[in-house]
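Enquirer: One file: query14.txt (compact mmCIF, C-alpha atoms).
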```
# COMPACT_ATOMS: atom_id res chain seq x y z
CA MET A 1 27.20 -61.63 -11.39
CA ARG A 2 26.47 -60.66 -15.00
CA CYS A 3 29.07 -58.83 -17.10
CA ASP A 4 26.71 -56.12 -18.37
CA GLU A 5 25.58 -55.40 -14.84
CA ILE A 6 29.01 -54.65 -13.46
CA GLN A 7 30.77 -52.81 -16.26
CA GLU A 8 29.93 -49.37 -14.88
CA ARG A 9 31.75 -50.44 -11.74
CA PHE A 10 34.98 -50.95 -13.67
CA VAL A 11 35.73 -47.35 -12.73
CA GLU A 12 36.38 -48.62 -9.20
CA LEU A 13 39.10 -50.86 -10.60
CA LEU A 14 40.55 -48.23 -12.94
CA TYR A 15 41.09 -45.58 -10.27
CA ASP A 16 42.69 -46.83 -7.13
CA GLU A 17 42.00 -43.85 -4.90
CA THR A 18 42.73 -43.38 -1.27
CA GLY A 19 39.63 -42.40 0.65
CA THR A 20 37.32 -44.11 -1.82
CA PRO A 21 35.82 -47.48 -0.89
CA PRO A 22 37.82 -50.22 -2.68
CA ALA A 23 36.24 -52.38 -5.31
CA SER A 24 34.34 -55.25 -3.79
CA PRO A 25 35.99 -58.70 -3.65
CA GLU A 26 33.11 -60.08 -5.70
CA LEU A 27 33.84 -57.62 -8.50
CA ARG A 28 37.53 -58.48 -8.53
CA ALA A 29 36.78 -62.18 -8.43
CA HIS A 30 34.44 -61.90 -11.40
CA VAL A 31 36.91 -59.93 -13.52
CA ASP A 32 39.71 -62.35 -12.67
CA SER A 33 37.63 -65.23 -13.92
CA CYS A 34 35.96 -63.55 -16.93
CA PRO A 35 38.04 -63.09 -20.13
CA ARG A 36 35.43 -60.76 -21.61
CA CYS A 37 35.54 -58.39 -18.65
CA GLN A 38 39.34 -58.59 -18.56
CA ALA A 39 39.46 -57.50 -22.20
CA GLU A 40 36.98 -54.69 -21.52
CA LEU A 41 38.98 -53.47 -18.57
CA GLU A 42 42.19 -53.56 -20.57
CA GLU A 43 40.61 -51.50 -23.33
CA LEU A 44 39.56 -48.88 -20.80
CA ARG A 45 43.12 -48.76 -19.44
CA SER A 46 44.41 -48.33 -22.97
CA THR A 47 41.93 -45.51 -23.54
CA ARG A 48 43.20 -43.79 -20.41
CA ARG A 49 46.76 -44.02 -21.72
CA ALA A 50 45.62 -42.53 -25.03
CA LEU A 51 44.03 -39.63 -23.16
CA GLU A 52 47.46 -38.79 -21.73
CA LEU A 53 48.61 -37.83 -25.22
CA TRP A 54 46.52 -34.68 -25.08
CA LYS A 55 48.70 -32.40 -23.00
CA ASP A 56 47.82 -29.21 -21.16
CA GLU A 57 47.93 -25.95 -23.08
CA PRO A 58 49.60 -22.93 -21.51
CA ALA A 59 47.10 -20.23 -20.73
CA PRO A 60 47.43 -17.17 -22.97
CA ALA A 61 49.80 -14.69 -21.36
CA SER A 62 47.21 -11.99 -21.83
CA ILE A 63 44.69 -13.56 -19.49
CA VAL A 64 45.98 -11.89 -16.35
CA GLY A 65 46.11 -8.56 -18.15
CA ARG A 66 42.61 -9.09 -19.53
CA LEU A 67 41.23 -9.83 -16.12
CA ARG A 68 39.40 -6.67 -15.14
CA VAL A 69 37.92 -7.03 -11.72
CA PRO A 70 36.33 -4.14 -9.83
CA ALA A 71 38.79 -1.97 -7.95
CA ARG A 72 36.96 -2.64 -4.73
CA ARG A 73 35.34 -5.78 -3.47
CA PRO A 74 31.56 -5.71 -3.46
CA SER A 75 31.18 -6.92 0.08
CA ALA A 76 31.76 -5.15 3.38
CA ARG A 77 34.65 -7.48 4.03
CA ARG A 78 36.97 -5.29 2.03
CA LEU A 79 37.02 -2.83 4.92
CA PRO A 80 39.76 -3.35 7.49
CA PRO A 81 38.33 -4.73 10.73
CA ALA A 82 39.21 -1.57 12.68
CA VAL A 83 37.25 0.62 10.27
CA ARG A 84 34.33 -1.80 10.19
CA TRP A 85 34.01 -2.01 13.98
CA GLY A 86 34.60 1.73 14.33
CA GLY A 87 31.68 2.39 12.01
CA ILE A 88 29.43 0.06 13.96
CA ALA A 89 30.43 1.71 17.26
CA ALA A 90 29.73 5.18 15.83
CA ALA A 91 26.30 4.06 14.64
CA VAL A 92 25.48 2.63 18.08
CA LEU A 93 26.64 5.82 19.83
CA LEU A 94 24.61 7.99 17.47
CA GLY A 95 21.54 5.86 18.14
CA PHE A 96 22.05 6.14 21.89
CA LEU A 97 22.44 9.92 21.74
CA THR A 98 19.28 10.19 19.69
CA LEU A 99 17.28 8.08 22.11
CA ALA A 100 18.74 9.84 25.14
CA ASN A 101 17.86 13.32 23.83
CA ALA A 102 21.39 14.35 24.66
CA GLU A 103 22.30 17.91 25.55
CA ILE A 104 25.87 18.96 24.91
CA THR A 105 26.95 22.47 25.97
CA LEU A 106 30.23 24.32 25.83
CA ASN A 107 30.43 27.58 27.79
CA ARG A 108 32.76 29.43 30.16
CA ASP A 109 32.17 26.79 32.79
CA GLY A 110 33.45 24.14 30.43
CA PHE A 111 32.02 21.21 28.54
CA THR A 112 28.88 19.52 29.87
CA PHE A 113 27.03 16.48 28.62
CA ARG A 114 23.58 15.57 29.87
CA THR A 115 21.02 13.09 28.71
CA HIS A 116 17.31 13.13 29.46
CA LEU A 117 17.04 9.41 29.08
CA PHE A 118 16.19 8.88 32.76
CA SER A 119 14.63 12.30 33.54
CA ARG A 120 11.20 12.45 35.20
CA GLN A 121 8.31 12.26 32.85
CA PRO A 122 5.72 15.14 33.04
CA ASP A 123 3.16 14.61 35.82
CA THR A 124 -0.12 13.77 34.19
CA ARG A 125 -1.93 15.16 37.24
CA ASP A 126 -1.01 18.69 36.06
CA VAL A 127 -2.79 18.17 32.79
CA PRO A 128 -6.46 19.37 32.87
CA SER A 129 -9.18 16.98 31.90
CA ARG A 130 -11.26 17.39 28.79
CA ALA A 131 -14.20 18.86 30.77
CA GLU A 132 -11.87 21.33 32.47
CA VAL A 133 -10.49 22.39 29.12
CA ARG A 134 -14.03 22.88 27.85
CA ASP A 135 -14.90 25.08 30.86
CA LEU A 136 -11.72 27.08 30.43
CA VAL A 137 -12.52 27.73 26.77
CA ARG A 138 -16.09 28.69 27.58
CA HIS A 139 -14.95 31.05 30.33
CA ALA A 140 -12.42 32.60 28.00
CA LEU A 141 -15.09 33.16 25.36
CA ASP A 142 -17.51 34.67 27.91
CA ASP A 143 -14.84 36.92 29.24
CA THR A 144 -14.00 38.04 25.75
CA GLU A 145 -17.64 38.88 25.10
CA ARG A 146 -17.89 40.82 28.33
CA ARG A 147 -14.74 42.74 27.55
CA LEU A 148 -16.03 43.54 24.09
CA SER A 149 -19.30 44.93 25.58
CA GLU A 150 -17.47 47.11 28.06
CA GLU A 151 -15.25 48.50 25.32
CA THR A 152 -18.32 49.28 23.19
CA VAL A 153 -19.98 51.22 26.05
CA LEU A 154 -16.81 53.11 26.75
CA ALA A 155 -16.43 54.09 23.11
CA SER A 156 -20.08 55.19 22.93
CA ARG A 157 -19.61 57.39 25.97
CA GLN A 158 -16.56 58.95 24.42
CA VAL A 159 -18.53 59.70 21.25
CA LEU A 160 -21.38 61.26 23.27
CA ASP A 161 -18.92 63.35 25.27
CA THR A 162 -17.34 64.63 22.07
CA ILE A 163 -20.73 65.55 20.62
CA GLU A 164 -21.68 67.37 23.83
CA GLN A 165 -18.39 69.29 23.84
CA GLU A 166 -18.96 70.36 20.22
CA ARG A 167 -22.56 71.43 21.04
CA GLN A 168 -21.34 73.55 23.99
CA MET A 169 -18.72 75.20 21.75
CA GLU A 170 -21.37 76.03 19.11
CA ILE A 171 -23.65 77.51 21.81
CA ARG A 172 -20.82 79.68 23.09
CA PHE A 173 -20.03 80.73 19.51
CA ILE A 174 -23.69 81.70 18.81
CA ASN A 175 -24.02 83.59 22.10
CA ALA A 176 -20.86 85.50 21.30
CA ARG A 177 -22.20 86.41 17.85
CA LEU A 178 -25.50 87.54 19.41
CA GLY A 179 -23.63 89.71 21.95
CA ARG A 180 -21.58 91.41 19.26
CA THR A 181 -24.74 92.08 17.10
CA ARG A 182 -26.63 93.64 20.04
CA SER A 183 -23.73 95.97 20.88
CA ASN A 184 -23.48 97.12 17.26
CA ASN A 185 -27.22 98.01 17.22
CA MET B 1 53.78 -21.82 -2.90
CA ALA B 2 51.06 -21.11 -0.35
CA GLU B 3 48.17 -23.53 -0.08
CA PRO B 4 45.07 -22.32 -1.91
CA GLU B 5 43.08 -22.18 1.31
CA ASP B 6 45.74 -19.93 2.88
CA THR B 7 45.54 -17.60 -0.10
CA VAL B 8 41.75 -17.60 0.13
CA ARG B 9 41.89 -16.77 3.83
CA ARG B 10 44.29 -13.91 3.17
CA PHE B 11 41.99 -12.51 0.53
CA LEU B 12 39.03 -12.77 2.89
CA GLY B 13 41.12 -11.04 5.53
CA GLY B 14 41.56 -8.01 3.27
CA ASP B 15 44.77 -8.85 1.37
CA GLU B 16 43.91 -7.59 -2.12
CA GLU B 17 47.09 -9.02 -3.66
CA ALA B 18 46.05 -12.49 -2.57
CA PHE B 19 43.51 -12.50 -5.36
CA ASP B 20 46.24 -12.01 -7.97
CA ARG B 21 48.09 -14.97 -6.49
CA LEU B 22 44.90 -17.00 -6.60
CA VAL B 23 44.47 -16.20 -10.30
CA ARG B 24 48.04 -17.14 -11.10
CA GLN B 25 47.74 -20.41 -9.18
CA TRP B 26 44.56 -21.53 -10.91
CA GLU B 27 44.25 -19.82 -14.28
CA THR B 28 46.05 -22.54 -16.23
CA LYS B 29 43.83 -25.27 -14.79
CA VAL B 30 40.66 -23.29 -15.41
CA PHE B 31 41.85 -22.42 -18.91
CA ASN B 32 42.53 -26.07 -19.74
CA LEU B 33 39.20 -27.16 -18.33
CA ALA B 34 37.44 -24.60 -20.53
CA TRP B 35 39.61 -25.21 -23.58
CA ARG B 36 39.09 -28.96 -23.43
CA PHE B 37 35.37 -28.54 -22.91
CA LEU B 38 34.80 -25.83 -25.54
CA GLY B 39 37.58 -26.68 -28.01
CA ASN B 40 38.29 -23.00 -28.61
CA ARG B 41 41.06 -20.91 -27.06
CA GLU B 42 39.27 -17.58 -27.34
CA ASP B 43 36.14 -18.89 -25.65
CA ALA B 44 38.28 -20.59 -23.03
CA ALA B 45 40.07 -17.32 -22.27
CA ASP B 46 36.70 -15.60 -21.87
CA VAL B 47 35.54 -18.35 -19.51
CA VAL B 48 38.66 -17.82 -17.40
CA GLN B 49 37.87 -14.13 -17.13
CA ASP B 50 34.20 -14.73 -16.33
CA THR B 51 35.11 -17.39 -13.79
CA PHE B 52 37.55 -15.25 -11.85
CA LEU B 53 35.20 -12.29 -11.97
CA SER B 54 32.54 -14.50 -10.36
CA VAL B 55 35.10 -15.72 -7.85
CA PHE B 56 36.01 -12.14 -6.95
CA GLN B 57 32.39 -11.17 -6.45
CA SER B 58 31.32 -14.15 -4.37
CA LEU B 59 34.41 -15.51 -2.64
CA HIS B 60 33.21 -14.03 0.63
CA LYS B 61 30.27 -16.45 0.46
CA LEU B 62 32.60 -19.47 0.46
CA ARG B 63 32.07 -21.07 3.87
CA GLU B 64 34.93 -23.52 3.76
CA PRO B 65 38.18 -22.35 2.08
CA ARG B 66 39.36 -25.97 1.89
CA SER B 67 36.73 -26.64 -0.75
CA PHE B 68 37.93 -23.76 -2.91
CA SER B 69 39.06 -25.92 -5.85
CA THR B 70 35.73 -27.75 -6.08
CA TRP B 71 33.88 -24.46 -5.80
CA LEU B 72 36.08 -22.84 -8.45
CA TYR B 73 35.67 -25.71 -10.92
CA ARG B 74 31.92 -25.65 -10.43
CA ILE B 75 31.82 -21.95 -11.32
CA ALA B 76 34.04 -22.59 -14.33
CA LEU B 77 31.84 -25.49 -15.40
CA ASN B 78 28.74 -23.29 -15.25
CA HIS B 79 30.41 -20.65 -17.40
CA CYS B 80 31.52 -23.36 -19.84
CA ARG B 81 27.98 -24.70 -20.12
CA ALA B 82 26.56 -21.21 -20.65
CA ARG B 83 29.07 -20.48 -23.39
CA TRP B 84 28.58 -23.88 -24.96
CA ARG B 85 24.82 -23.32 -25.12
CA SER B 86 25.35 -19.99 -26.85
CA ARG B 87 27.43 -21.64 -29.55
CA SER B 88 26.46 -23.91 -32.36
CA ARG B 89 27.48 -27.47 -31.70
CA ASP B 90 28.30 -27.85 -35.38
CA LEU B 91 31.26 -25.49 -35.22
CA PRO B 92 34.46 -27.33 -36.10
CA LEU B 93 36.93 -27.73 -33.29
CA GLU B 94 39.87 -25.38 -33.43
CA PRO B 95 43.15 -27.10 -34.30
CA SER B 96 45.52 -27.37 -31.40
CA ASP B 97 48.50 -25.02 -31.30
CA ALA B 98 50.62 -27.98 -30.40
CA GLY B 99 49.15 -29.98 -33.28
CA GLU B 100 51.91 -29.12 -35.73
CA GLU B 101 54.61 -30.82 -33.75
CA GLU B 102 52.29 -33.67 -32.80
CA ALA B 103 51.28 -34.44 -36.36
CA GLN B 104 53.45 -37.53 -36.30
CA PRO B 105 51.68 -40.63 -34.98
CA VAL B 106 52.28 -41.41 -31.35
CA ILE B 107 52.43 -45.04 -30.40
CA PRO B 108 50.50 -45.80 -27.21
CA ALA B 109 52.45 -47.82 -24.66
CA VAL B 110 49.97 -50.69 -24.70
CA PRO B 111 47.81 -50.64 -27.81
CA ALA B 112 44.59 -52.51 -27.23
CA THR B 113 43.92 -52.94 -30.90
CA ALA B 114 45.85 -52.54 -34.13
CA ALA B 115 44.04 -49.24 -34.78
CA ASP B 116 45.27 -47.74 -31.51
CA SER B 117 48.83 -47.80 -32.79
CA VAL B 118 48.33 -44.56 -34.78
CA ILE B 119 46.54 -42.49 -32.18
CA THR B 120 47.63 -38.84 -32.03
CA ALA B 121 46.93 -36.08 -29.56
CA ASP B 122 44.71 -34.38 -32.11
CA LEU B 123 42.63 -37.53 -32.53
CA VAL B 124 42.26 -37.79 -28.78
CA ARG B 125 41.12 -34.17 -28.68
CA LYS B 126 38.50 -34.81 -31.33
CA SER B 127 37.38 -37.99 -29.61
CA VAL B 128 36.82 -36.18 -26.32
CA GLY B 129 35.17 -33.29 -28.15
CA GLY B 130 32.67 -35.70 -29.65
CA LEU B 131 31.31 -36.77 -26.26
CA SER B 132 28.15 -35.46 -24.66
CA ASP B 133 28.56 -32.50 -22.28
CA GLU B 134 28.33 -34.57 -19.12
CA HIS B 135 30.63 -37.38 -20.30
CA ARG B 136 33.16 -34.89 -21.63
CA MET B 137 33.21 -32.95 -18.38
CA ALA B 138 33.59 -36.10 -16.29
CA ILE B 139 36.61 -37.14 -18.40
CA ILE B 140 38.17 -33.67 -18.15
CA LEU B 141 37.72 -33.42 -14.39
CA LYS B 142 39.04 -36.90 -13.67
CA GLU B 143 41.66 -37.52 -16.32
CA TYR B 144 43.05 -34.04 -16.91
CA LEU B 145 42.48 -32.18 -13.66
CA GLY B 146 43.13 -35.20 -11.45
CA LEU B 147 40.11 -34.83 -9.20
CA THR B 148 38.96 -37.73 -7.05
CA LEU B 149 35.71 -39.45 -7.92
CA GLU B 150 34.02 -37.71 -5.00
CA GLU B 151 35.31 -34.33 -6.17
CA VAL B 152 34.04 -35.04 -9.69
CA ALA B 153 30.62 -35.77 -8.20
CA ALA B 154 30.76 -32.56 -6.13
CA VAL B 155 31.73 -30.36 -9.09
CA MET B 156 29.09 -31.93 -11.33
CA ASP B 157 26.58 -31.75 -8.47
CA CYS B 158 25.51 -35.36 -8.83
CA PRO B 159 25.68 -38.56 -6.77
CA LEU B 160 28.93 -40.52 -6.71
CA SER B 161 27.33 -43.41 -8.63
CA THR B 162 26.27 -41.00 -11.39
CA ALA B 163 29.78 -39.58 -11.61
CA LYS B 164 31.19 -43.11 -11.97
CA SER B 165 28.66 -43.94 -14.64
CA ARG B 166 29.46 -40.76 -16.59
CA LEU B 167 33.14 -41.50 -16.38
CA TYR B 168 32.71 -45.06 -17.58
CA HIS B 169 30.53 -44.07 -20.51
CA GLY B 170 32.91 -41.21 -21.27
CA LEU B 171 35.81 -43.61 -21.55
CA ARG B 172 33.75 -45.95 -23.73
CA GLY B 173 32.78 -43.00 -25.91
CA VAL B 174 36.40 -41.95 -26.39
CA GLN B 175 37.18 -45.56 -27.29
CA ARG B 176 34.46 -45.62 -29.95
CA ASN B 177 35.40 -42.22 -31.36
CA LEU B 178 39.05 -43.18 -31.63
CA ARG B 179 38.15 -46.31 -33.55
CA ARG B 180 36.10 -44.26 -35.97
CA LEU B 181 38.78 -41.64 -36.46
CA VAL B 182 41.86 -43.84 -36.77
```
Represent the structure contained in this file as structure tokens.

Expert:
Amino acid sequence: MRCDEIQERFVELLYDETGTPPASPELRAHVDSCPRCQAELEELRSTRRALELWKDEPAPASIVGRLRVPARRPSARRLPPAVRWGGIAAAVLLGFLTLANAEITLNRDGFTFRTHLFSRQPDTRDVPSRAEVRDLVRHALDDTERRLSEETVLASRQVLDTIEQERQMEIRFINARLGRTRSNN
Amino acid sequence: MAEPEDTVRRFLGGDEEAFDRLVRQWETKVFNLAWRFLGNREDAADVVQDTFLSVFQSLHKLREPRSFSTWLYRIALNHCRARWRSRSRDLPLEPSDAGEEEAQPVIPAVPATAADSVITADLVRKSVGGLSDEHRMAIILKEYLGLTLEEVAAVMDCPLSTAKSRLYHGLRGVQRNLRRLV
């Protein structure tokens, strides 16, 4: 065992810690038999004693006053457990009501709550096919055209009737004028 | 005084005042870690504030309240490193407030050399301040905060063997610096 190879392991001899593996017997045996390593170890112990001269400094009294932390903690943990779980429960209930398409009524009969979550879905058999829809549209258009034609005929007849009535009135007026002229002569 | 993990659990359970107790329990240790690492009281006070602000914001992510101290020191160490990087390494170390009364030489109990007989607290402070970041932090965590070797490794996020090596070389560095300064 060479001195320069083991000097970093002197730390194991300097600090006798519980829970840390003790220095190996070989290391101890070497130091016990090596004056150079003994002197080195003693110098390190002396250095440790010198370090003790540098005492702790009291922290400035103003540090606590200077410490400005946010008024509220940034995480959700600042909420009391009751509030936190209450919020989660409210969110779950709101989600359920949304999915269930809930219906809440308040009338003279009292308060009722009904969801459509399990109601029967519309029967697809009642829904016409695309061809049926096309026929329905075509029929509607044809019917509209027919109705428009009938209305046009009816209006034309009304116009003709009006013209005929006016012609009859003019004839009666002319005959009356002719009658009065003949009587005057 | 309640155990830190109890205080942490109370805070996580919604006790807002538990955080104040947590600050009071740990602020001196965090301050001394930062002050010894940075060598400046003002910067150290800022690190304390930044550290506890980070703790407040992310304590709910801490899985195991028993490891609070390791977790806290790691946060503090990260803030120290960030502040150290933003500063010039050539800035002189601030004299210790306690330096006036410690101006008289202090005789170590077992001087290893003749030079060690006039070591003062201020010389020790300068010797530690002259170490590399990693060696200085290993010395602070082990010698001044009393962490176990495994805790030192956990805070520094390195293997146990690396933590031992940093500690050894840190001690050797303090030794060399003291010899130069005395």

Enquirer: So that each row is one residue of chain B with an atom at most 7 Å from chain A, can you give its shortest atom pair and the distance in Å to one decimal, using only C-alpha atoms, rows by chain and rising number, as JSON lines?

Expert:
```
{"residue": "B:Leu12", "atom": "CA", "partner": "A:Arg77", "partner_atom": "CA", "distance": 7.0}
{"residue": "B:Gly14", "atom": "CA", "partner": "A:Arg78", "partner_atom": "CA", "distance": 5.5}
{"residue": "B:Thr28", "atom": "CA", "partner": "A:Ala59", "partner_atom": "CA", "distance": 5.2}
{"residue": "B:Phe31", "atom": "CA", "partner": "A:Ala59", "partner_atom": "CA", "distance": 6.0}
{"residue": "B:Asn32", "atom": "CA", "partner": "A:Asp56", "partner_atom": "CA", "distance": 6.3}
{"residue": "B:Ala45", "atom": "CA", "partner": "A:Ile63", "partner_atom": "CA", "distance": 6.6}
{"residue": "B:Gln49", "atom": "CA", "partner": "A:Leu67", "partner_atom": "CA", "distance": 5.5}
{"residue": "B:Leu53", "atom": "CA", "partner": "A:Val69", "partner_atom": "CA", "distance": 5.9}
{"residue": "B:Gln57", "atom": "CA", "partner": "A:Pro74", "partner_atom": "CA", "distance": 6.3}
{"residue": "B:Pro108", "atom": "CA", "partner": "A:Ala50", "partner_atom": "CA", "distance": 6.3}
{"residue": "B:Val110", "atom": "CA", "partner": "A:Ser46", "partner_atom": "CA", "distance": 6.3}
{"residue": "B:Pro111", "atom": "CA", "partner": "A:Ser46", "partner_atom": "CA", "distance": 6.3}
{"residue": "B:Ala112", "atom": "CA", "partner": "A:Glu43", "partner_atom": "CA", "distance": 5.7}
{"residue": "B:Thr120", "atom": "CA", "partner": "A:Leu53", "partner_atom": "CA", "distance": 7.0}
{"residue": "B:Ala121", "atom": "CA", "partner": "A:Trp54", "partner_atom": "CA", "distance": 4.7}
{"residue": "B:Val124", "atom": "CA", "partner": "A:Leu51", "partner_atom": "CA", "distance": 6.2}
{"residue": "B:Arg125", "atom": "CA", "partner": "A:Trp54", "partner_atom": "CA", "distance": 6.5}
{"residue": "B:Lys164", "atom": "CA", "partner": "A:Val11", "partner_atom": "CA", "distance": 6.3}
{"residue": "B:Ser165", "atom": "CA", "partner": "A:Glu8", "partner_atom": "CA", "distance": 5.6}
{"residue": "B:Tyr168", "atom": "CA", "partner": "A:Glu8", "partner_atom": "CA", "distance": 5.8}
{"residue": "B:Leu171", "atom": "CA", "partner": "A:Leu44", "partner_atom": "CA", "distance": 6.5}
{"residue": "B:Gln175", "atom": "CA", "partner": "A:Thr47", "partner_atom": "CA", "distance": 6.1}
```

Enquirer: Between CA of Phe68 in chain B and CA of Pro4 in chain B, what is the distance in Å, rounded to a tenth?

Expert: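 If I compute the distance from CA of Phe68 in chain B to CA of Pro4 in chain B, I get 7.4 Å.
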
Enquirer: Could you work out how far CA of Ala100 in chain A lies from CA of Thr115 in chain A, giving the answer in Å with one decimal?

Expert: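 Rounded to one decimal, the two atoms are 5.3 Å apart.
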
Enquirer: How far is it from CA of Leu33 in chain B to CA of Leu77 in chain B, in Å with one decimal?

Expert: 8.1 Å

Enquirer: Restricting the calculation to only C-alpha atoms, which member of B:Phe19, B:Trp26, B:Phe37, B:Tyr144 is positioned closest to Trp84 in chain B?

Expert: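 Residue with the minimum atom-to-atom distance to Trp84 in chain B: B:Phe37.
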
Enquirer: Write out as an MDAnalysis selection string each polymer residue whose atoms come within 7 Å of Val182 in chain B, counting all atoms listed in the file; drop sequence neighbours fewer than 2 positions from it.

Expert: chainID B and resid 115 118:119 178:180
